[in-house]
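> Have a look at this one before I ask anything.
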Amino acid sequence: MSAVEPTGTPGGGGSVVEVRTSATAALIPTIRAVASDLAARADFDLDAISDLRMAVDEACATLVDVASPGSALQCSFTVHGNVIEVEARVDTAGPESTVSTDTFGWRVLQTLADEVELRTDGGRSVGILLNKRADPTPR
Amino acid sequence: MQHTHDTTPVQPSESDDQITVVTRDAGAGRVVLEIGGEVDMLTSPQLRTAALAALADDPRVVVLALDSVSFLGTSGLAVLIEVREAAQQAGVDLRLACTGRRVLRPLSIAGLIPMFDVRDTVEDALA
């Protein structure tokens with residue numbers, strides 16, 4: 001069974017879905033629902049779907065905590081064959097709005113995703129980039 | 001029946017921001033909390049409040065029945081860890097009852113399965 005791929009050309013840039021919400025915890029359920037749906041359509045197995053949903057939830061929760069008031073949470077999902085790349089980003093009020101990577105949540109995020117990277121932009125915004133492959137890390 | 005004495009401001013979609021918590025006395029000092037819904041950063045304080053309230057009643061066993069939980073995020077995992085510590089301090093036997101992937105996968109990925117007494121059913125957990 002092959003994934004429903006609108007482009008039909010894995011490696012040809014992949015399909016992109018962007019979701020932009022107010023940076024509020026109340027809208028994170030919507031974003032993680034999008035993550036689950038994309039993973040299911042990309043033929044991720046059930047554990048990998050669960051992991052991606054949880055990783056996206058954690059990334060968004062972390063960012064909402066440091067977002068400047070009234071700012072947006074921008075989430076971009078790119079499906080490259082059997083890999084989904086997610087970049088989540090919020091605007092921040094200044095360099096003091098930083099994400100701590102010395103937390104339980106960040107450690108779990110590193111376990112959930114195949115790659116995680118924190119990207120800051122001189123205090124103007126903070127982003128989390130993560131990659132997840134269709135097959136889960138064996139547990 | 002919901003324990004919602006929180007002081008957080010009303011959210012735009014407040015009906016989605018609730019989990020269900022039903023507390024049931026199973027007799028002989030045993031209490032069962034049936035949790036349902038999505039446990040995330042918004043709703044995990046409800047789980048925390050309900051579980052700590054159950055521990056405060058000085059029971060012998062507290063069972064968290066989690067099979068109706070449809071999402072368990074990191075903040076929910078952190079609450080489970082906190083409740084576990086509180087139970088240990090209070091000398092209460094804390095057990096989880098669940099078989100669903102939606103709960104077991106997050107517990108497993110965070111390496112928490114060995115920290116908890118996980119049973120398949122509430123009946124097992126009460127035995």
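Labeling convention for the structure tokens: chains A, B, ... as they appear, residues from 1 per chain, ligands from 1 in order of appearance.
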Set the cut-off to 10 Å and count only C-alpha atoms: what are the residues of chain B that reach chain A? Output as number ranges by chain.
B: 11-14, 16-17, 38, 40-43, 71-75, 77-78, 101-103, 105-106, 108-111
> Write the residues you've just listed into a file as a PDB file, in the first residue's frame, and include N, CA and C atoms for each of them.

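Resulting contents of part23.pdb:
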ATOM      1  N   GLN B  11     -11.206  29.945  28.649  1.00  0.00           N
ATOM      2  CA  GLN B  11     -10.593  29.865  27.328  1.00  0.00           C
ATOM      3  C   GLN B  11     -11.672  29.948  26.258  1.00  0.00           C
ATOM      4  N   PRO B  12     -11.307  30.312  25.050  1.00  0.00           N
ATOM      5  CA  PRO B  12     -12.311  30.457  23.999  1.00  0.00           C
ATOM      6  C   PRO B  12     -13.152  29.206  23.742  1.00  0.00           C
ATOM      7  N   SER B  13     -12.517  28.032  23.772  1.00  0.00           N
ATOM      8  CA  SER B  13     -13.274  26.815  23.472  1.00  0.00           C
ATOM      9  C   SER B  13     -13.323  25.961  24.724  1.00  0.00           C
ATOM     10  N   GLU B  14     -14.034  26.445  25.732  1.00  0.00           N
ATOM     11  CA  GLU B  14     -13.874  25.848  27.044  1.00  0.00           C
ATOM     12  C   GLU B  14     -14.373  24.404  27.114  1.00  0.00           C
ATOM     13  N   ASP B  16     -13.758  22.061  25.117  1.00  0.00           N
ATOM     14  CA  ASP B  16     -12.691  21.155  24.693  1.00  0.00           C
ATOM     15  C   ASP B  16     -11.545  21.102  25.689  1.00  0.00           C
ATOM     16  N   ASP B  17     -11.585  22.009  26.648  1.00  0.00           N
ATOM     17  CA  ASP B  17     -10.433  22.133  27.525  1.00  0.00           C
ATOM     18  C   ASP B  17     -10.626  21.382  28.834  1.00  0.00           C
ATOM     19  N   GLU B  38      -8.251  14.353  26.668  1.00  0.00           N
ATOM     20  CA  GLU B  38      -6.881  14.649  26.264  1.00  0.00           C
ATOM     21  C   GLU B  38      -6.145  15.365  27.399  1.00  0.00           C
ATOM     22  N   ASP B  40      -3.275  17.333  28.425  1.00  0.00           N
ATOM     23  CA  ASP B  40      -2.171  18.133  27.886  1.00  0.00           C
ATOM     24  C   ASP B  40      -1.861  19.287  28.831  1.00  0.00           C
ATOM     25  N   MET B  41      -1.140  20.299  28.360  1.00  0.00           N
ATOM     26  CA  MET B  41      -0.714  21.370  29.274  1.00  0.00           C
ATOM     27  C   MET B  41      -1.902  22.121  29.860  1.00  0.00           C
ATOM     28  N   LEU B  42      -3.022  22.099  29.136  1.00  0.00           N
ATOM     29  CA  LEU B  42      -4.198  22.829  29.590  1.00  0.00           C
ATOM     30  C   LEU B  42      -4.990  22.030  30.628  1.00  0.00           C
ATOM     31  N   THR B  43      -5.041  20.720  30.437  1.00  0.00           N
ATOM     32  CA  THR B  43      -5.926  19.907  31.271  1.00  0.00           C
ATOM     33  C   THR B  43      -5.194  19.142  32.371  1.00  0.00           C
ATOM     34  N   PHE B  71      -5.212  11.241  24.741  1.00  0.00           N
ATOM     35  CA  PHE B  71      -3.896  11.830  24.487  1.00  0.00           C
ATOM     36  C   PHE B  71      -3.223  12.074  25.830  1.00  0.00           C
ATOM     37  N   LEU B  72      -1.948  11.725  25.911  1.00  0.00           N
ATOM     38  CA  LEU B  72      -1.188  11.979  27.131  1.00  0.00           C
ATOM     39  C   LEU B  72       0.100  12.698  26.735  1.00  0.00           C
ATOM     40  N   GLY B  73       0.153  13.976  27.035  1.00  0.00           N
ATOM     41  CA  GLY B  73       1.324  14.766  26.682  1.00  0.00           C
ATOM     42  C   GLY B  73       2.338  14.800  27.814  1.00  0.00           C
ATOM     43  N   THR B  74       3.437  15.493  27.575  1.00  0.00           N
ATOM     44  CA  THR B  74       4.517  15.547  28.550  1.00  0.00           C
ATOM     45  C   THR B  74       4.065  16.129  29.885  1.00  0.00           C
ATOM     46  N   SER B  75       3.172  17.134  29.829  1.00  0.00           N
ATOM     47  CA  SER B  75       2.719  17.716  31.092  1.00  0.00           C
ATOM     48  C   SER B  75       1.883  16.705  31.884  1.00  0.00           C
ATOM     49  N   LEU B  77       2.453  13.443  31.754  1.00  0.00           N
ATOM     50  CA  LEU B  77       3.462  12.528  32.303  1.00  0.00           C
ATOM     51  C   LEU B  77       4.087  13.126  33.562  1.00  0.00           C
ATOM     52  N   ALA B  78       4.355  14.435  33.511  1.00  0.00           N
ATOM     53  CA  ALA B  78       4.954  15.096  34.676  1.00  0.00           C
ATOM     54  C   ALA B  78       4.005  15.041  35.874  1.00  0.00           C
ATOM     55  N   ARG B 101      -2.535   1.935  23.767  1.00  0.00           N
ATOM     56  CA  ARG B 101      -1.322   2.520  23.228  1.00  0.00           C
ATOM     57  C   ARG B 101      -1.229   4.010  23.524  1.00  0.00           C
ATOM     58  N   ARG B 102      -2.384   4.689  23.537  1.00  0.00           N
ATOM     59  CA  ARG B 102      -2.378   6.143  23.706  1.00  0.00           C
ATOM     60  C   ARG B 102      -1.796   6.577  25.042  1.00  0.00           C
ATOM     61  N   VAL B 103      -1.821   5.667  26.003  1.00  0.00           N
ATOM     62  CA  VAL B 103      -1.204   5.946  27.299  1.00  0.00           C
ATOM     63  C   VAL B 103       0.126   5.203  27.439  1.00  0.00           C
ATOM     64  N   ARG B 105       2.252   4.076  25.171  1.00  0.00           N
ATOM     65  CA  ARG B 105       3.351   4.553  24.322  1.00  0.00           C
ATOM     66  C   ARG B 105       4.064   5.764  24.946  1.00  0.00           C
ATOM     67  N   PRO B 106       3.316   6.813  25.353  1.00  0.00           N
ATOM     68  CA  PRO B 106       4.009   7.927  26.013  1.00  0.00           C
ATOM     69  C   PRO B 106       4.763   7.508  27.275  1.00  0.00           C
ATOM     70  N   SER B 108       6.060   4.655  27.899  1.00  0.00           N
ATOM     71  CA  SER B 108       7.203   3.857  27.518  1.00  0.00           C
ATOM     72  C   SER B 108       8.308   4.720  26.904  1.00  0.00           C
ATOM     73  N   ILE B 109       7.920   5.676  26.054  1.00  0.00           N
ATOM     74  CA  ILE B 109       8.924   6.503  25.388  1.00  0.00           C
ATOM     75  C   ILE B 109       9.662   7.379  26.404  1.00  0.00           C
ATOM     76  N   ALA B 110       8.966   7.739  27.489  1.00  0.00           N
ATOM     77  CA  ALA B 110       9.600   8.557  28.525  1.00  0.00           C
ATOM     78  C   ALA B 110      10.318   7.696  29.554  1.00  0.00           C
ATOM     79  N   GLY B 111      10.292   6.380  29.344  1.00  0.00           N
ATOM     80  CA  GLY B 111      10.997   5.481  30.258  1.00  0.00           C
ATOM     81  C   GLY B 111      10.329   5.331  31.614  1.00  0.00           C
TER      82      GLY B 111
END
> List the spatial neighbours of region 116-132 of chain A as a list in words - criterion: any atom at most 8 Å away, only C-alpha atoms, same-chain residues fewer than 6 positions off excluded.
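Here the qualifying residues turn out to be Ala48, Leu52, Ala59, Leu63, Val83, Ile84, Glu85, Val86, Glu87, Ala88, Arg89, Val90, Asp91, Thr92, Ala93, Gly94, Pro95, Glu96, Ser97, Thr98, Val99, Leu109 and Gln110 of chain A.
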> Please produce an output containing C-alpha atoms for each residue in the selection, written as a PDB file, in the first residue's frame.

ATOM      1  CA  ALA A  48       5.154   6.698  15.032  1.00  0.00           C
ATOM      2  CA  LEU A  52       4.798  12.652  16.176  1.00  0.00           C
ATOM      3  CA  ALA A  59       7.188  21.641  20.746  1.00  0.00           C
ATOM      4  CA  LEU A  63       6.879  27.727  22.314  1.00  0.00           C
ATOM      5  CA  VAL A  83       9.823  11.499   6.789  1.00  0.00           C
ATOM      6  CA  ILE A  84       7.812  14.381   8.189  1.00  0.00           C
ATOM      7  CA  GLU A  85       9.672  17.569   9.025  1.00  0.00           C
ATOM      8  CA  VAL A  86       7.988  20.053  11.336  1.00  0.00           C
ATOM      9  CA  GLU A  87       9.032  23.597  12.039  1.00  0.00           C
ATOM     10  CA  ALA A  88       7.141  25.454  14.752  1.00  0.00           C
ATOM     11  CA  ARG A  89       7.903  29.094  15.491  1.00  0.00           C
ATOM     12  CA  VAL A  90       6.639  31.964  17.644  1.00  0.00           C
ATOM     13  CA  ASP A  91       7.620  35.598  17.990  1.00  0.00           C
ATOM     14  CA  THR A  92       9.308  36.485  21.239  1.00  0.00           C
ATOM     15  CA  ALA A  93       9.585  39.722  23.159  1.00  0.00           C
ATOM     16  CA  GLY A  94      13.372  39.687  23.452  1.00  0.00           C
ATOM     17  CA  PRO A  95      16.521  37.680  24.066  1.00  0.00           C
ATOM     18  CA  GLU A  96      15.368  36.810  27.595  1.00  0.00           C
ATOM     19  CA  SER A  97      12.503  34.717  26.123  1.00  0.00           C
ATOM     20  CA  THR A  98      14.489  31.542  25.707  1.00  0.00           C
ATOM     21  CA  VAL A  99      13.575  27.897  25.635  1.00  0.00           C
ATOM     22  CA  LEU A 109      10.998  15.486  22.788  1.00  0.00           C
ATOM     23  CA  GLN A 110      14.494  14.284  21.858  1.00  0.00           C
TER      24      GLN A 110
END
> So which residues touch Leu38 (chain A) within 10 Å, counting only C-alpha atoms, skipping near sequence neighbours fewer than 4 positions away, as a PyMOL selection string?
chain A and resi 17+32-34+42-44+49+52-53+77-79+84
> How would the residues just chosen look if you wrote them out with C-alpha atoms as a tab-separated table (two decimals), in the first residue's frame?

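Written file, part.tsv:
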chain	number	residue	atom	x	y	z
A	17	VAL	CA	1.02	22.08	5.11
A	32	ARG	CA	-1.55	17.99	16.95
A	33	ALA	CA	-4.64	16.71	15.12
A	34	VAL	CA	-3.10	17.96	11.87
A	42	ALA	CA	2.10	9.17	5.08
A	43	ASP	CA	1.68	5.55	6.25
A	44	PHE	CA	3.35	6.07	9.61
A	49	ILE	CA	1.85	8.58	14.66
A	52	LEU	CA	4.80	12.65	16.18
A	53	ARG	CA	1.56	13.87	17.76
A	77	PHE	CA	4.77	20.36	8.08
A	78	THR	CA	6.70	19.00	5.12
A	79	VAL	CA	6.14	15.39	4.06
A	84	ILE	CA	7.81	14.38	8.19
> For a test of reading the model, state the distance in Å between CA of Leu96 (chain B) and CA of Val122 (chain B), rounded to one decimal.
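That distance, rounded to one decimal, is 8.1 Å.
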> Just want the 12 Å neighbourhood of Leu66 (chain B), counted on only C-alpha atoms, with same-chain residues fewer than 4 positions away dropped. Output as a PyMOL selection string.
chain B and resi 19-22+32-39+47+70-72+76+80+95-104+107+118-122+125
> Run DSSP on the backbone of this structure and report the residues of region 59-99 of chain B it assigns to strand (DSSP E), as an mmCIF file with N, CA and C atoms, in the first residue's frame.

data_model
loop_
_atom_site.group_PDB
_atom_site.id
_atom_site.type_symbol
_atom_site.label_atom_id
_atom_site.label_comp_id
_atom_site.auth_asym_id
_atom_site.auth_seq_id
_atom_site.Cartn_x
_atom_site.Cartn_y
_atom_site.Cartn_z
ATOM 1 N N VAL B 61 -5.242 2.323 48.633
ATOM 2 C CA VAL B 61 -4.887 2.143 47.222
ATOM 3 C C VAL B 61 -5.590 3.208 46.378
ATOM 4 N N VAL B 62 -4.852 3.823 45.451
ATOM 5 C CA VAL B 62 -5.467 4.714 44.466
ATOM 6 C C VAL B 62 -5.187 4.143 43.083
ATOM 7 N N VAL B 63 -6.251 3.949 42.315
ATOM 8 C CA VAL B 63 -6.115 3.429 40.955
ATOM 9 C C VAL B 63 -6.475 4.545 39.979
ATOM 10 N N LEU B 64 -5.577 4.834 39.070
ATOM 11 C CA LEU B 64 -5.892 5.763 37.985
ATOM 12 C C LEU B 64 -6.246 4.922 36.761
ATOM 13 N N ALA B 65 -7.526 4.967 36.378
ATOM 14 C CA ALA B 65 -7.989 4.205 35.213
ATOM 15 C C ALA B 65 -7.862 5.108 33.991
ATOM 16 N N LEU B 66 -6.955 4.742 33.074
ATOM 17 C CA LEU B 66 -6.548 5.670 32.013
ATOM 18 C C LEU B 66 -6.961 5.232 30.609
ATOM 19 N N ASP B 67 -7.786 4.195 30.497
ATOM 20 C CA ASP B 67 -8.094 3.723 29.148
ATOM 21 C C ASP B 67 -8.977 4.666 28.333
ATOM 22 N N SER B 68 -9.605 5.637 28.975
ATOM 23 C CA SER B 68 -10.384 6.619 28.196
ATOM 24 C C SER B 68 -9.579 7.876 27.889
ATOM 25 N N VAL B 69 -8.290 7.846 28.245
ATOM 26 C CA VAL B 69 -7.425 8.973 27.903
ATOM 27 C C VAL B 69 -7.038 8.853 26.432
ATOM 28 N N SER B 70 -7.350 9.892 25.652
ATOM 29 C CA SER B 70 -7.097 9.805 24.215
ATOM 30 C C SER B 70 -5.790 10.473 23.818
ATOM 31 N N PHE B 71 -5.212 11.241 24.741
ATOM 32 C CA PHE B 71 -3.896 11.830 24.487
ATOM 33 C C PHE B 71 -3.223 12.074 25.830
ATOM 34 N N LEU B 72 -1.948 11.725 25.911
ATOM 35 C CA LEU B 72 -1.188 11.979 27.131
ATOM 36 C C LEU B 72 0.100 12.698 26.735
ATOM 37 N N ASP B 93 -0.610 3.119 47.960
ATOM 38 C CA ASP B 93 -0.275 2.262 46.836
ATOM 39 C C ASP B 93 -0.946 2.831 45.577
ATOM 40 N N LEU B 94 -0.136 3.364 44.641
ATOM 41 C CA LEU B 94 -0.689 3.952 43.409
ATOM 42 C C LEU B 94 -0.577 2.943 42.279
ATOM 43 N N ARG B 95 -1.690 2.723 41.582
ATOM 44 C CA ARG B 95 -1.667 1.798 40.445
ATOM 45 C C ARG B 95 -2.315 2.450 39.238
ATOM 46 N N LEU B 96 -1.805 2.109 38.066
ATOM 47 C CA LEU B 96 -2.423 2.568 36.826
ATOM 48 C C LEU B 96 -3.134 1.388 36.181
ATOM 49 N N ALA B 97 -4.325 1.625 35.643
ATOM 50 C CA ALA B 97 -5.021 0.580 34.899
ATOM 51 C C ALA B 97 -5.173 1.054 33.466
#
> Give me the residues within 8 Å of Val31 (chain B) as number ranges by chain, counting only C-alpha atoms and dropping any in the same chain fewer than 4 places off.
B: 23-27, 54, 59, 61-63
> Tell me, in Å to one decimal, how far CA of Gln88 (chain B) is from CA of Asp102 (chain A).
25.7 Å
> Would you mind reading off the distance between CA of Ala50 (chain B) and CA of Glu82 (chain B), one decimal, in Å?
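The value is 12.6 Å.
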> Residues of chain B in alpha helix (DSSP H) according to DSSP, as a PyMOL selection string?
chain B and resi 44-56+74-90+101-109+122-126
> Using only C-alpha atoms, find the one residue out of A:Ala39, A:Ala113, A:Val16, A:Ala23 that sits nearest to Cys60 (chain A).
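Answer, going by the shortest atom-to-atom distance: A:Ala23.
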